[in-house]
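Here is upload09.cif, consisting of mmCIF, C-alpha atoms and all ligand atoms:
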data_work
#
loop_
_atom_site.group_PDB
_atom_site.id
_atom_site.type_symbol
_atom_site.label_atom_id
_atom_site.label_comp_id
_atom_site.auth_asym_id
_atom_site.auth_seq_id
_atom_site.Cartn_x
_atom_site.Cartn_y
_atom_site.Cartn_z
ATOM 1 C CA ASP B 1 12.072 -49.037 16.388
ATOM 2 C CA THR B 2 10.237 -52.254 15.579
ATOM 3 C CA ALA B 3 13.246 -54.262 14.459
ATOM 4 C CA ALA B 4 13.218 -57.727 15.960
ATOM 5 C CA THR B 5 15.929 -58.358 18.531
ATOM 6 C CA SER B 6 17.335 -61.770 19.343
ATOM 7 C CA LYS B 7 16.332 -61.584 23.023
ATOM 8 C CA PRO B 8 12.779 -62.582 23.969
ATOM 9 C CA LEU B 9 10.023 -60.174 24.917
ATOM 10 C CA VAL B 10 9.709 -59.375 28.635
ATOM 11 C CA VAL B 11 6.384 -58.166 30.047
ATOM 12 C CA ILE B 12 6.505 -56.078 33.231
ATOM 13 C CA THR B 13 3.375 -55.009 35.106
ATOM 14 C CA GLY B 14 3.546 -51.893 37.262
ATOM 15 C CA ALA B 15 6.468 -50.492 35.290
ATOM 16 C CA THR B 16 5.637 -46.847 36.008
ATOM 17 C CA SER B 17 7.627 -46.539 39.246
ATOM 18 C CA GLY B 18 9.736 -48.261 41.879
ATOM 19 C CA ILE B 19 10.777 -51.858 41.350
ATOM 20 C CA GLY B 20 8.964 -52.315 38.014
ATOM 21 C CA ALA B 21 10.601 -49.276 36.416
ATOM 22 C CA ARG B 22 14.032 -50.498 37.482
ATOM 23 C CA VAL B 23 13.370 -54.054 36.249
ATOM 24 C CA ALA B 24 12.360 -52.513 32.901
ATOM 25 C CA GLN B 25 15.601 -50.534 32.695
ATOM 26 C CA ASP B 26 17.727 -53.562 33.572
ATOM 27 C CA PHE B 27 16.050 -55.951 31.082
ATOM 28 C CA SER B 28 16.303 -53.222 28.454
ATOM 29 C CA ALA B 29 20.024 -52.763 29.127
ATOM 30 C CA ALA B 30 20.378 -56.523 28.593
ATOM 31 C CA GLY B 31 18.837 -56.099 25.124
ATOM 32 C CA HIS B 32 15.268 -57.329 25.650
ATOM 33 C CA PRO B 33 12.232 -55.829 23.925
ATOM 34 C CA LEU B 34 9.612 -54.907 26.510
ATOM 35 C CA LEU B 35 5.909 -54.600 27.100
ATOM 36 C CA LEU B 36 5.380 -52.185 29.992
ATOM 37 C CA LEU B 37 1.993 -52.011 31.708
ATOM 38 C CA GLY B 38 0.630 -49.503 34.211
ATOM 39 C CA ARG B 39 -1.923 -46.748 34.543
ATOM 40 C CA ARG B 40 0.436 -43.731 34.353
ATOM 41 C CA GLN B 41 1.549 -44.076 30.742
ATOM 42 C CA GLU B 42 3.683 -40.905 30.793
ATOM 43 C CA ARG B 43 5.885 -42.426 33.498
ATOM 44 C CA MET B 44 6.637 -45.430 31.268
ATOM 45 C CA GLU B 45 7.311 -43.202 28.252
ATOM 46 C CA GLN B 46 9.670 -41.088 30.377
ATOM 47 C CA LEU B 47 11.923 -44.134 30.871
ATOM 48 C CA GLY B 48 12.784 -43.643 27.186
ATOM 49 C CA LEU B 49 13.636 -47.299 26.600
ATOM 50 C CA PRO B 50 14.214 -48.678 23.076
ATOM 51 C CA ASN B 51 11.940 -51.475 21.758
ATOM 52 C CA ALA B 52 9.473 -50.834 24.564
ATOM 53 C CA LEU B 53 5.742 -50.853 23.998
ATOM 54 C CA CYS B 54 4.156 -48.799 26.814
ATOM 55 C CA GLU B 55 0.477 -49.582 27.302
ATOM 56 C CA LYS B 56 -1.855 -47.792 29.688
ATOM 57 C CA VAL B 57 -3.497 -50.835 31.235
ATOM 58 C CA ASP B 58 -5.136 -51.531 34.572
ATOM 59 C CA VAL B 59 -4.058 -55.058 35.521
ATOM 60 C CA CYS B 60 -7.535 -55.688 36.939
ATOM 61 C CA ASP B 61 -8.837 -55.635 33.341
ATOM 62 C CA ALA B 62 -8.062 -59.137 32.037
ATOM 63 C CA GLY B 63 -9.085 -58.294 28.465
ATOM 64 C CA ALA B 64 -6.850 -55.224 28.356
ATOM 65 C CA VAL B 65 -3.861 -57.193 29.670
ATOM 66 C CA ARG B 66 -4.411 -59.888 27.035
ATOM 67 C CA ALA B 67 -4.868 -57.351 24.215
ATOM 68 C CA ALA B 68 -1.612 -55.623 25.189
ATOM 69 C CA VAL B 69 0.247 -58.960 25.227
ATOM 70 C CA ASP B 70 -1.171 -59.854 21.789
ATOM 71 C CA LYS B 71 -0.072 -56.471 20.416
ATOM 72 C CA ALA B 72 3.440 -56.834 21.853
ATOM 73 C CA GLU B 73 3.841 -60.417 20.600
ATOM 74 C CA ALA B 74 2.813 -59.333 17.092
ATOM 75 C CA LYS B 75 5.619 -56.789 17.216
ATOM 76 C CA PHE B 76 8.382 -58.555 19.145
ATOM 77 C CA GLY B 77 7.587 -62.302 19.107
ATOM 78 C CA PRO B 78 6.541 -64.595 21.955
ATOM 79 C CA VAL B 79 6.789 -63.566 25.603
ATOM 80 C CA GLY B 80 9.863 -65.088 27.236
ATOM 81 C CA CYS B 81 9.276 -63.683 30.704
ATOM 82 C CA LEU B 82 6.447 -62.061 32.639
ATOM 83 C CA VAL B 83 7.281 -60.078 35.768
ATOM 84 C CA ASN B 84 4.073 -59.739 37.763
ATOM 85 C CA ASN B 85 5.066 -56.709 39.799
ATOM 86 C CA ALA B 86 2.045 -54.352 39.975
ATOM 87 C CA GLY B 87 0.798 -54.049 43.541
ATOM 88 C CA VAL B 88 -0.771 -51.772 46.109
ATOM 89 C CA MET B 89 -0.261 -51.651 49.877
ATOM 90 C CA LEU B 90 -3.035 -49.918 51.789
ATOM 91 C CA LEU B 91 -2.201 -50.505 55.441
ATOM 92 C CA GLY B 92 -4.829 -50.369 58.164
ATOM 93 C CA SER B 93 -6.575 -52.394 60.848
ATOM 94 C CA VAL B 94 -9.319 -54.702 59.667
ATOM 95 C CA ALA B 95 -11.734 -52.981 62.046
ATOM 96 C CA SER B 96 -11.142 -49.457 60.792
ATOM 97 C CA GLN B 97 -10.196 -49.848 57.144
ATOM 98 C CA ASP B 98 -12.610 -48.908 54.376
ATOM 99 C CA PRO B 99 -13.526 -52.225 52.661
ATOM 100 C CA SER B 100 -12.947 -50.607 49.267
ATOM 101 C CA GLU B 101 -9.237 -50.679 50.156
ATOM 102 C CA TRP B 102 -9.436 -54.453 50.709
ATOM 103 C CA THR B 103 -11.121 -54.839 47.342
ATOM 104 C CA GLN B 104 -8.437 -52.838 45.588
ATOM 105 C CA MET B 105 -5.623 -54.910 47.143
ATOM 106 C CA LEU B 106 -7.382 -58.192 46.346
ATOM 107 C CA GLN B 107 -8.094 -57.156 42.765
ATOM 108 C CA VAL B 108 -4.617 -55.790 41.985
ATOM 109 C CA ASN B 109 -2.326 -57.999 44.081
ATOM 110 C CA ILE B 110 -4.101 -61.303 43.379
ATOM 111 C CA GLY B 111 -6.422 -60.655 40.434
ATOM 112 C CA GLY B 112 -3.790 -58.677 38.532
ATOM 113 C CA VAL B 113 -1.222 -61.441 38.962
ATOM 114 C CA LEU B 114 -3.723 -64.015 37.669
ATOM 115 C CA ASN B 115 -4.634 -61.804 34.709
ATOM 116 C CA GLY B 116 -0.961 -61.561 33.749
ATOM 117 C CA ILE B 117 -0.477 -65.307 34.063
ATOM 118 C CA SER B 118 -3.640 -66.025 32.091
ATOM 119 C CA ALA B 119 -2.457 -63.854 29.185
ATOM 120 C CA VAL B 120 0.832 -65.726 28.683
ATOM 121 C CA LEU B 121 0.641 -69.197 30.242
ATOM 122 C CA LYS B 122 -0.933 -71.194 27.421
ATOM 123 C CA GLY B 123 1.598 -69.913 24.878
ATOM 124 C CA MET B 124 4.516 -70.632 27.187
ATOM 125 C CA GLN B 125 3.307 -74.165 27.875
ATOM 126 C CA GLU B 126 2.785 -74.835 24.152
ATOM 127 C CA ARG B 127 6.288 -73.551 23.362
ATOM 128 C CA LYS B 128 7.683 -75.350 26.421
ATOM 129 C CA ALA B 129 9.565 -72.171 27.247
ATOM 130 C CA GLY B 130 9.027 -69.150 29.429
ATOM 131 C CA HIS B 131 9.470 -67.713 32.891
ATOM 132 C CA LEU B 132 6.827 -66.371 35.266
ATOM 133 C CA ILE B 133 8.227 -64.180 38.050
ATOM 134 C CA ASN B 134 5.850 -62.999 40.768
ATOM 135 C CA ILE B 135 6.843 -60.193 43.126
ATOM 136 C CA SER B 136 5.483 -61.100 46.550
ATOM 137 C CA SER B 137 6.934 -59.748 49.809
ATOM 138 C CA ILE B 138 8.327 -60.711 53.192
ATOM 139 C CA ALA B 139 4.709 -59.792 54.049
ATOM 140 C CA GLY B 140 3.833 -62.956 52.100
ATOM 141 C CA ILE B 141 5.721 -65.014 54.673
ATOM 142 C CA LYS B 142 5.112 -63.291 58.030
ATOM 143 C CA LEU B 143 2.593 -60.892 59.553
ATOM 144 C CA PHE B 144 3.100 -57.269 60.582
ATOM 145 C CA PRO B 145 0.723 -54.901 62.442
ATOM 146 C CA ASN B 146 -1.888 -53.233 60.172
ATOM 147 C CA HIS B 147 -0.928 -55.614 57.343
ATOM 148 C CA ALA B 148 -3.688 -58.251 57.663
ATOM 149 C CA VAL B 149 -5.232 -57.812 54.215
ATOM 150 C CA TYR B 150 -2.003 -56.844 52.433
ATOM 151 C CA CYS B 151 -0.350 -59.941 53.956
ATOM 152 C CA ALA B 152 -3.349 -62.046 52.909
ATOM 153 C CA THR B 153 -2.836 -60.967 49.294
ATOM 154 C CA LYS B 154 0.897 -61.685 49.395
ATOM 155 C CA PHE B 155 0.414 -65.067 51.133
ATOM 156 C CA ALA B 156 -1.951 -65.778 48.231
ATOM 157 C CA VAL B 157 0.775 -64.846 45.739
ATOM 158 C CA HIS B 158 3.048 -67.411 47.409
ATOM 159 C CA ALA B 159 0.346 -70.096 47.271
ATOM 160 C CA LEU B 160 -0.568 -69.510 43.656
ATOM 161 C CA THR B 161 3.084 -69.300 42.610
ATOM 162 C CA GLU B 162 3.831 -72.697 44.150
ATOM 163 C CA GLY B 163 0.672 -74.246 42.695
ATOM 164 C CA LEU B 164 1.544 -72.855 39.290
ATOM 165 C CA ARG B 165 5.141 -74.064 39.569
ATOM 166 C CA GLN B 166 3.935 -77.581 40.238
ATOM 167 C CA GLU B 167 1.577 -77.384 37.230
ATOM 168 C CA CYS B 168 4.398 -76.139 35.003
ATOM 169 C CA ALA B 169 6.973 -78.699 36.126
ATOM 170 C CA GLY B 170 7.577 -80.952 33.119
ATOM 171 C CA LEU B 171 6.329 -78.287 30.711
ATOM 172 C CA GLY B 172 9.557 -76.309 30.458
ATOM 173 C CA VAL B 173 8.149 -73.184 32.106
ATOM 174 C CA ARG B 174 9.996 -71.702 35.086
ATOM 175 C CA VAL B 175 8.086 -70.103 37.973
ATOM 176 C CA THR B 176 9.719 -67.900 40.607
ATOM 177 C CA VAL B 177 8.499 -65.931 43.625
ATOM 178 C CA ILE B 178 10.597 -63.026 44.881
ATOM 179 C CA SER B 179 9.998 -61.635 48.366
ATOM 180 C CA PRO B 180 11.555 -58.295 49.248
ATOM 181 C CA GLY B 181 11.499 -56.638 52.647
ATOM 182 C CA ALA B 182 11.211 -52.855 52.790
ATOM 183 C CA VAL B 183 12.195 -51.104 49.540
ATOM 184 C CA GLU B 184 12.422 -47.345 48.952
ATOM 185 C CA THR B 185 9.547 -46.736 46.492
ATOM 186 C CA GLU B 186 6.154 -45.004 46.241
ATOM 187 C CA LEU B 187 4.355 -48.051 47.691
ATOM 188 C CA LEU B 188 3.573 -46.656 51.169
ATOM 189 C CA SER B 189 2.376 -43.303 49.805
ATOM 190 C CA HIS B 190 -1.060 -44.733 48.922
ATOM 191 C CA THR B 191 -1.834 -45.764 52.523
ATOM 192 C CA THR B 192 -4.499 -43.358 53.758
ATOM 193 C CA ASP B 193 -3.785 -43.588 57.524
ATOM 194 C CA GLN B 194 -1.220 -40.846 58.272
ATOM 195 C CA SER B 195 -0.232 -42.258 61.689
ATOM 196 C CA ILE B 196 0.741 -45.572 60.056
ATOM 197 C CA LYS B 197 2.818 -43.720 57.467
ATOM 198 C CA ASP B 198 4.541 -41.693 60.218
ATOM 199 C CA GLY B 199 5.272 -44.879 62.176
ATOM 200 C CA TYR B 200 6.861 -46.448 59.109
ATOM 201 C CA GLY B 201 9.013 -43.353 58.624
ATOM 202 C CA LYS B 202 10.328 -43.686 62.197
ATOM 203 C CA TRP B 203 10.968 -47.409 61.718
ATOM 204 C CA LYS B 204 12.898 -46.676 58.532
ATOM 205 C CA GLU B 205 15.224 -44.349 60.453
ATOM 206 C CA SER B 206 16.160 -47.329 62.638
ATOM 207 C CA MET B 207 17.464 -49.150 59.540
ATOM 208 C CA THR B 208 20.979 -47.793 59.950
ATOM 209 C CA GLU B 209 22.190 -49.326 56.671
ATOM 210 C CA GLY B 210 19.049 -48.075 54.899
ATOM 211 C CA VAL B 211 16.217 -50.070 53.325
ATOM 212 C CA LEU B 212 16.535 -51.877 49.984
ATOM 213 C CA GLN B 213 16.654 -49.938 46.722
ATOM 214 C CA ALA B 214 14.657 -50.957 43.639
ATOM 215 C CA GLU B 215 17.901 -51.994 41.940
ATOM 216 C CA ASP B 216 18.506 -54.643 44.654
ATOM 217 C CA VAL B 217 15.196 -56.347 43.833
ATOM 218 C CA SER B 218 15.779 -55.960 40.112
ATOM 219 C CA GLN B 219 19.111 -57.757 40.435
ATOM 220 C CA ALA B 220 17.307 -60.682 42.086
ATOM 221 C CA VAL B 221 14.814 -60.784 39.190
ATOM 222 C CA LEU B 222 17.569 -60.802 36.579
ATOM 223 C CA PHE B 223 19.550 -63.381 38.553
ATOM 224 C CA ALA B 224 16.605 -65.777 38.479
ATOM 225 C CA TYR B 225 15.975 -65.115 34.776
ATOM 226 C CA ASN B 226 19.614 -65.454 33.736
ATOM 227 C CA MET B 227 20.209 -68.835 35.346
ATOM 228 C CA PRO B 228 20.507 -71.655 32.774
ATOM 229 C CA LYS B 229 17.131 -72.822 31.459
ATOM 230 C CA ARG B 230 17.605 -76.132 33.318
ATOM 231 C CA CYS B 231 17.561 -74.203 36.616
ATOM 232 C CA CYS B 232 14.359 -72.861 38.155
ATOM 233 C CA VAL B 233 15.096 -70.455 41.006
ATOM 234 C CA ARG B 234 11.952 -71.104 43.017
ATOM 235 C CA ASP B 235 12.109 -68.565 45.777
ATOM 236 C CA ILE B 236 14.244 -65.560 46.678
ATOM 237 C CA GLN B 237 13.920 -63.567 49.896
ATOM 238 C CA LEU B 238 15.881 -60.347 50.385
ATOM 239 C CA ALA B 239 15.465 -57.670 53.043
ATOM 240 C CA PRO B 240 17.310 -54.798 54.661
ATOM 241 C CA THR B 241 20.160 -56.159 56.766
ATOM 242 C CA ASN B 242 18.658 -54.690 59.935
ATOM 243 C CA GLN B 243 15.029 -55.710 59.253
ATOM 244 C CA GLU B 244 13.789 -58.281 61.822
HETATM 245 P P1 LIG B 301 5.331 -48.523 43.573
HETATM 246 O O1 LIG B 301 4.119 -47.948 44.214
HETATM 247 O O2 LIG B 301 6.465 -47.626 43.245
HETATM 248 O O3 LIG B 301 4.923 -49.342 42.272
HETATM 249 C C1 LIG B 301 3.716 -50.029 42.164
HETATM 250 C C2 LIG B 301 3.436 -50.250 40.695
HETATM 251 O O4 LIG B 301 2.208 -50.979 40.579
HETATM 252 C C3 LIG B 301 3.269 -48.947 39.925
HETATM 253 O O5 LIG B 301 3.933 -49.039 38.695
HETATM 254 C C4 LIG B 301 1.765 -48.868 39.708
HETATM 255 O O6 LIG B 301 1.479 -48.235 38.465
HETATM 256 C C5 LIG B 301 1.407 -50.341 39.591
HETATM 257 N N1 LIG B 301 -0.019 -50.549 39.813
HETATM 258 C C6 LIG B 301 -0.753 -50.368 40.925
HETATM 259 N N2 LIG B 301 -2.039 -50.616 40.691
HETATM 260 C C7 LIG B 301 -2.139 -50.956 39.380
HETATM 261 C C8 LIG B 301 -3.206 -51.326 38.519
HETATM 262 N N3 LIG B 301 -4.466 -51.394 38.972
HETATM 263 N N4 LIG B 301 -2.934 -51.594 37.229
HETATM 264 C C9 LIG B 301 -1.674 -51.517 36.749
HETATM 265 N N5 LIG B 301 -0.613 -51.192 37.520
HETATM 266 C C10 LIG B 301 -0.846 -50.915 38.809
HETATM 267 O O7 LIG B 301 5.790 -49.675 44.587
HETATM 268 P P2 LIG B 301 6.880 -50.862 44.474
HETATM 269 O O8 LIG B 301 7.765 -50.686 43.321
HETATM 270 O O9 LIG B 301 7.446 -50.995 45.819
HETATM 271 O O10 LIG B 301 5.902 -52.110 44.256
HETATM 272 C C11 LIG B 301 6.113 -53.109 43.302
HETATM 273 C C12 LIG B 301 5.781 -54.468 43.909
HETATM 274 O O11 LIG B 301 6.700 -54.766 44.949
HETATM 275 C C13 LIG B 301 4.388 -54.552 44.549
HETATM 276 O O12 LIG B 301 3.786 -55.780 44.200
HETATM 277 C C14 LIG B 301 4.698 -54.517 46.039
HETATM 278 O O13 LIG B 301 3.698 -55.144 46.787
HETATM 279 C C15 LIG B 301 6.017 -55.243 46.063
HETATM 280 N N6 LIG B 301 6.825 -55.043 47.268
HETATM 281 C C16 LIG B 301 7.247 -53.781 47.628
HETATM 282 C C17 LIG B 301 7.949 -53.592 48.796
HETATM 283 C C18 LIG B 301 8.354 -52.233 49.278
HETATM 284 O O14 LIG B 301 8.753 -52.094 50.438
HETATM 285 N N7 LIG B 301 8.306 -51.198 48.459
HETATM 286 C C19 LIG B 301 8.315 -54.717 49.663
HETATM 287 C C20 LIG B 301 7.864 -55.985 49.172
HETATM 288 C C21 LIG B 301 7.146 -56.128 48.030
HETATM 289 P P3 LIG B 301 0.289 -47.158 38.231
HETATM 290 O O15 LIG B 301 -0.044 -46.564 39.566
HETATM 291 O O16 LIG B 301 0.887 -46.176 37.264
HETATM 292 O O17 LIG B 301 -0.810 -47.964 37.637
#
Could you express the structure from this file as structure tokens?
Ligand code: NDP
Amino acid sequence: DTAATSKPLVVITGATSGIGARVAQDFSAAGHPLLLLGRRQERMEQLGLPNALCEKVDVCDAGAVRAAVDKAEAKFGPVGCLVNNAGVMLLGSVASQDPSEWTQMLQVNIGGVLNGISAVLKGMQERKAGHLINISSIAGIKLFPNHAVYCATKFAVHALTEGLRQECAGLGVRVTVISPGAVETELLSHTTDQSIKDGYGKWKESMTEGVLQAEDVSQAVLFAYNMPKRCCVRDIQLAPTNQE
């Protein structure tokens, strides 16, 4: 269905699983047309959302991100919100980790965020309207064992979000960073060190109230977006009640 809706287009990177998939469902339920980006296209299609363009795009490919945004804007009108959510967490010690894992985290978690911003920022500033929401992490605020490079990428997301917010102040564009603690998703599954994964599993059992669910983070995203346009929610942190 290509009929225009009255709500603005929302772009979500990493919409194939976890937090991104839930954010897509919640914006869709609120009546927004969507551009969903990720590498596993079938997972986006399976969400079965109306007015959703699902594009198989690697966020490291700036040209592909831009082309997808252009295609979606031609169909649904200008982007009102970008949720930069795609990310990878490959835990390991700096001494033992394969440097290709550092490269992947740097390229996706920092480069991917910049590619998303680059595809929409100029238009938002010209229209003096829009909202950039970056998903960082509590790991963007404090350090954890075996997280040195992952934390470095998320600290970078905090720095570039704040720099961008300052640049956008006065231009009518809102910029938000959201920092979840542990969330039940596929994120840890890509870590290659089995002992680190086992340790995380044990730690999770100590969270007697459970870790966060994707819907908890999605609610924070929609809260920030739904505040009046005069109000920029700059920073949200949320974590399991029993996380240190
Ligand atoms: P998931 O692994 O479930 O989701 C990650 C998403 O990122 C997937 O949709 C994946 O899609 C996408 N992605 C990864 N690499 C690329 C790429 N190169 N190009 C396009 N998309 C990509 O984990 P979460 O939902 O937990 O992660 C979402 C965000 O939340 C991440 O930024 C993560 O760092 C952050 N976060 C997660 C926490 C947690 O405990 N789970 C805590 C704090 C922050 P595909 O593989 O199909 O390309």
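With all atoms listed in the file as the atoms that count, the residue of B:Ala68, B:Val10, B:Cys232, B:Ala86 with the shortest distance to ligand LIG 301 (chain B) is B:Ala86.
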To test the calculation: enclose all listed atoms of ligand LIG 301 (chain B) in a box whose edges run along x, y and z, add 8 Å on each side, then state centre and edge lengths in Å to one decimal, as JSON.
{"center_x": 2.1, "center_y": -51.2, "center_z": 43.6, "size_x": 29.2, "size_y": 26.0, "size_z": 29.7}
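Rounded to one decimal, CA of Gly63 (chain B) and atom C19 of ligand LIG 301 (chain B) lie 27.7 Å from each other.
Across the model, the gap from CA of Ala15 (chain B) to CA of Ala52 (chain B) is 11.1 Å.
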- Enumerate as an NGL selection string the residues within 6 Å of ligand LIG 301 (chain B), counting only C-alpha atoms and all ligand atoms. :B and (14-20 or 38-40 or 57-60 or 85-88 or 108 or 135-137 or 180-187)
- Selection near Ala30 (chain B), 12 Å with only C-alpha atoms, sequence-local residues under 5 positions removed, as a ChimeraX atom specification: /B:5-10,23-25,49-51,219,222,225-226
- Matched chain/residue IDs from the PyMOL selection byres (((chain B and resi 221) around 12) and not hetatm), as an MDAnalysis selection string: chainID B and resid 10 12 19:20 22:24 26:27 81:85 131:136 175:180 214:220 222:227 233:238
- Item | Result set, the PyMOL selection byres (((chain B and resi 164) around 10) and not hetatm) on current file, as a ChimeraX atom specification | /B:117,121,132,158-163,165-169,173-176
Prev. selection, C-alpha atoms, output as a compact mmCIF listing (two decimals), in the frame of the given file:
# COMPACT_ATOMS: atom_id res chain seq x y z
CA ILE B 117 -0.48 -65.31 34.06
CA LEU B 121 0.64 -69.20 30.24
CA LEU B 132 6.83 -66.37 35.27
CA HIS B 158 3.05 -67.41 47.41
CA ALA B 159 0.35 -70.10 47.27
CA LEU B 160 -0.57 -69.51 43.66
CA THR B 161 3.08 -69.30 42.61
CA GLU B 162 3.83 -72.70 44.15
CA GLY B 163 0.67 -74.25 42.70
CA ARG B 165 5.14 -74.06 39.57
CA GLN B 166 3.94 -77.58 40.24
CA GLU B 167 1.58 -77.38 37.23
CA CYS B 168 4.40 -76.14 35.00
CA ALA B 169 6.97 -78.70 36.13
CA VAL B 173 8.15 -73.18 32.11
CA ARG B 174 10.00 -71.70 35.09
CA VAL B 175 8.09 -70.10 37.97
CA THR B 176 9.72 -67.90 40.61
- Query: Which residue gives the smallest distance to Ser96 (chain B) among B:Gly123, B:Glu244, B:Tyr200, B:Asn146, with all atoms listed in the file counted?
  - Reply: B:Asn146
- Task: Using the chain letters and residue numbers of this document, give as a count of residues only the residues selected by the PyMOL selection byres (((chain B and resi 139) around 8) and not hetatm).
- Result: 15
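In this structure, CA of Ser118 (chain B) sits 15.1 Å away from CA of Leu37 (chain B).
In terms of minimum interatomic distance to Ala72 (chain B), B:Val11 ranks closest within B:Val11, B:Leu91, B:Ile110, B:Asp98, counting all atoms listed in the file.
Considering all atoms listed in the file, the residue among B:Ala95, B:Leu35, B:Leu47, B:Met89 positioned nearest to Ala67 (chain B) is B:Leu35.
Considering the residues B:Ala29, B:Val79, B:Val65, B:Ala239 and counting all atoms listed in the file, Gln125 (chain B) has its shortest atom-to-atom contact with B:Val79.
Using all atoms listed in the file, the shortest contact distance between Thr191 (chain B) and any of B:Ser28, B:Asp70, B:Gln97, B:Leu34 is found at B:Gln97.
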